[in-house]
Amino acid sequence: MPRWWQGTVGYEIYVRSFADSTGNGLGDLPGIREKLPYLADLGVDAVWITPFFPSPQADHGYDVADYLDVDPAYGALTDLEALIDDAHGLGLKVIIDLVPNHSSDQHPWFKDALTGRDAEHRDFYVWKDPAPDGGPPNNWVSHFGGPAWTFHEATGQYYMHLFLPEQPDLNWTEPRVHQAFRDILSTWFSRGVDGVRIDVAHSLVEDAQFRDNPKLDGPGPADDSPQEIFGSFDHAHDLDQPGVVDIYRDWREVAEPHEAVLLGEVYVLEPEKLARYLQGDGLHAGFSFESLKVEWDAEEIRSALRAHVEASGAGLAWPLSSHDDPRAATRFGGGEPGAERALAYFTFLCGLPGAPFLYQGDELGLDDGELDDDAAQDPISRRNPGAKGRDPVRTPMLWEPGPGFGFTTGEPWLPFGANRHEGQTASAQQGDPGSHLERTRELLAVRRTLPALTDGSPASWPIDEGAVVAVERGGEVLVLLHVGDDGGPAELELPEGSSLAYATHPDVLLLDDDRLVLPEDRAAIIALPDARVVTAAEEDEVAADLTQAQLDAIAAEVDVASPDGDGGRGGAA
Ligand code: GLC
């Protein structure tokens with residue numbers, strides 16, 4: 001694992017919706033560059049930028065026509081280089097989004113593949129003869145609706161696509177595909193990129209015999225939405241196949257000389273299966289999708305996250321929200337109550353081994369944007385009228401009060417949402433200690449002062465049942481989340497000498513007799529009596545390029561007296 005990854009807090013930028021520097025309504029790279037100081041102030045360590053490569057945008061950039069350049073709609077390669085330079089100057093790492101499962105149908109490889117069965121790049125893609133009845137070669141379906149196969153008249157074969165027909169799957173049994181991606185990675189790492197988020201990292205390899213997927217037992221799909229139909233199969237033969245991790249073993253050789261991280265979008269929920277990607281010399285890190293799925297339910301949060309930590313440990317990344325899933329604030333009830341719970345939940349994620357990830361706007365307490373159906377841009381809803389798409393999580397950022405919310409001076413490519421208001425903007429929240437923005441900033445600052453939260457210290461789970469979920473790190477730090485059971489505030493006895501390092505709300509109290517009063521929907525970080533504490537000033541000085549051993553040595557030298565006990569922000573205790 002690259003040394004810098006240890007303790008990282010990530011931030012996902014959905015490029016189309018982050019900041020528009022030209023007024024054309026579409027976010028772009030110079031827009032991101034302007035906002036880097038905001039991200040550094042927020043206290044994140046790494047940004048993951050969604051695809052900005054030349055693309056026909058059939059799936060908003062996840063259909064790549066050139067893996068090595070920048071789409072003119074988002075800027076130029078020089079803009080990206082300037083962005084990387086500025087980011088590094090601010091101590092931020094830059095992770096780009098690599099899409100190796102499929103390319104665009106406009107990629108020169110695919111255009112060539114269509115020219116004939118003997119075309120040079122024919123085998124870069126997955127081609128099969130029709131079934132005896134002339135239909136698709138097997139029963140696989142696309143994530144975005146319809147069969148996973150499209151017939152190409154001129155050459156008389158079907159090509160495979162787990163997503164849109166405009167996103168043909170690459171053929172990872174073809175050695176030239178392996179070589180092409182080694183070269184792509186090597187080019188980006190030489191350009192200064194610090195890592196790649198690997199799109200659908202569990203999907204690259206297919207069953208060698210292309211067998212049908214079994215249908216799951218049960219009532220079958222509840223409706224004809226692509227999500228329901230996809231979910232009605234046991235994906236025994238098209239996803240998570242043996243051999244996929246070998247690809248990442250190979251990529252490590254490319255990444256490691258550059259200290260670059262391989263972070264997989266491994267959409268595999270079973271803990272042991274996910275762990276296979278992260279063990280030994282596989283991926284350095286992978287997202288836990290349980291983190292995005294759990295309901296506001298103590299038992300579910302405790303058991304799901306614990307199982308992932310126990311199987312995979314510090315290799316996990318913990319997204320609060322993403323550009324594909326409902327935002328945490330929406331999942332947890334919507335509006336202000338949902339936002340309060342989302343901050344509490346994120347505090348808990350900050351207590352787990354691994355890398356917590358914010359999605360743009362989470363720090364402002366945003367829930368999903370309310371959009372009219374006719375605003376649909378996501379191919380899921382455009383192709384399947386009535387199907388729930390991902391647009392509500394992709395509405396543009398709210399920077400400042402005003403018609404374009406500081407995102408654009410023009411018409412945004414997607415509306416902001418009827419539920420948006422000026423108080424949610426970054427500028428309205430800046431400097432207000434009770435705002436989501438300032439409370440998130442405080443959380444990240446406090447996390448950095450407690451090495452047990454960032455150095456991979458082992459996790460234990462001191463509370464087995466009830467409405468409070470707790471994780472303890474290295475016997476030094478305890479992070480508590482009260483999910484609530486309508487029973488009112490929880491009272492917990494803490495060891496003498498514990499201190500309240502952070503609370504999501506001032507109504508969390510640490511009393512003189514070491515009892516913690518934790519109301520529902522709140523979280524707290526407790527420095528236990530033996531906690532190492534690095535002050536913010538020292539933390540700034542030690543900077544990112546010290547080794548953990550050096551950091552530990554510094555922490556041991558400084559005064560490790562417990563923090564002042566008045567909570568992470570004024571009056572929390
Ligand atoms: C991933 C991306 C998603 C995209 C899909 C196909 O799941 O996060 O946005 O549509 O892959 O590339």
# chains A, B, ... in the order shown; residues from 1 in each chain; ligands from 1
>>> residues_near_ligand(ligand="ligand 1", cutoff="10 Å", atoms="only C-alpha atoms and all ligand atoms", output="ChimeraX atom specification")
/A:14,50-51,58-64,97-104,143-144,162-164,167,197-201,203,265-267,322-325,378-380,390
>>> residues_around(residues="region 363-367 of chain A", least_positions_apart="2", cutoff="10 Å", atoms="only C-alpha atoms", output="ChimeraX atom specification")
/A:11,42,321,326-343,346,358-361,369-370,392-393,397-399,419-420,423-426,428-430,435-441
>>> residues_around(residues="Gly280 (chain A)", least_positions_apart="6", cutoff="12 Å", atoms="only C-alpha atoms", output="PyMOL selection string")
chain A and resi 1+245-246+248-249+252+312+315
>>> write_last_selection(atoms="C-alpha atoms", output="compact mmCIF listing (two decimals), in the first residue's frame")
# COMPACT_ATOMS: atom_id res chain seq x y z
CA MET A 1 0.00 0.00 0.00
CA VAL A 245 -7.50 -10.24 -9.25
CA ASP A 246 -4.55 -11.42 -11.37
CA TYR A 248 -4.50 -6.11 -10.49
CA ARG A 249 -1.46 -8.12 -9.40
CA ARG A 252 0.80 -3.33 -9.05
CA SER A 312 -10.63 -6.73 4.90
CA GLY A 315 -7.81 -1.88 2.78
>>> closest_residue(among="A:Asp194, A:Asp217, A:Glu465, A:Glu476", to="Ala87 (chain A)", atoms="only C-alpha atoms")
A:Asp194
>>> residues_around(residues="Ala298 (chain A)", least_positions_apart="3", cutoff="12 Å", atoms="only C-alpha atoms", output="ChimeraX atom specification")
/A:294-295,301-306,345,348,463-470,480-485,520-521
>>> atom_distance(atom1="CA of Thr347 (chain A)", atom2="CA of Leu269 (chain A)")
22.0 Å
>>> atom_distance(atom1="CA of His107 (chain A)", atom2="CA of Phe52 (chain A)")
14.7 Å
>>> residues_around(residues="region 72-81 of chain A", least_positions_apart="5", cutoff="12 Å", atoms="only C-alpha atoms", output="PyMOL selection string")
chain A and resi 14-34+49-57+60-61+66-67+86-88+94-96+188-193
>>> atom_distance(atom1="CA of Asp297 (chain A)", atom2="CA of Glu491 (chain A)")
18.9 Å
>>> closest_residue(among="A:Ile184, A:Val177, A:Leu92, A:Ala527", to="Asp69 (chain A)", atoms="only C-alpha atoms")
A:Ile184
>>> select_by_dssp(residues="region 250-464 of chain A", states="alpha helix (DSSP H)", output="VMD selection string")
chain A and resid 250 to 255 271 to 278 290 to 293 298 to 312 328 to 331 335 to 349 379 to 383 426 to 429 436 to 449 451 to 454
>>> residues_around(residues="region 7-9 of chain A", least_positions_apart="5", cutoff="6 Å", atoms="only C-alpha atoms", output="PyMOL selection string")
chain A and resi 44-45+355-357+454
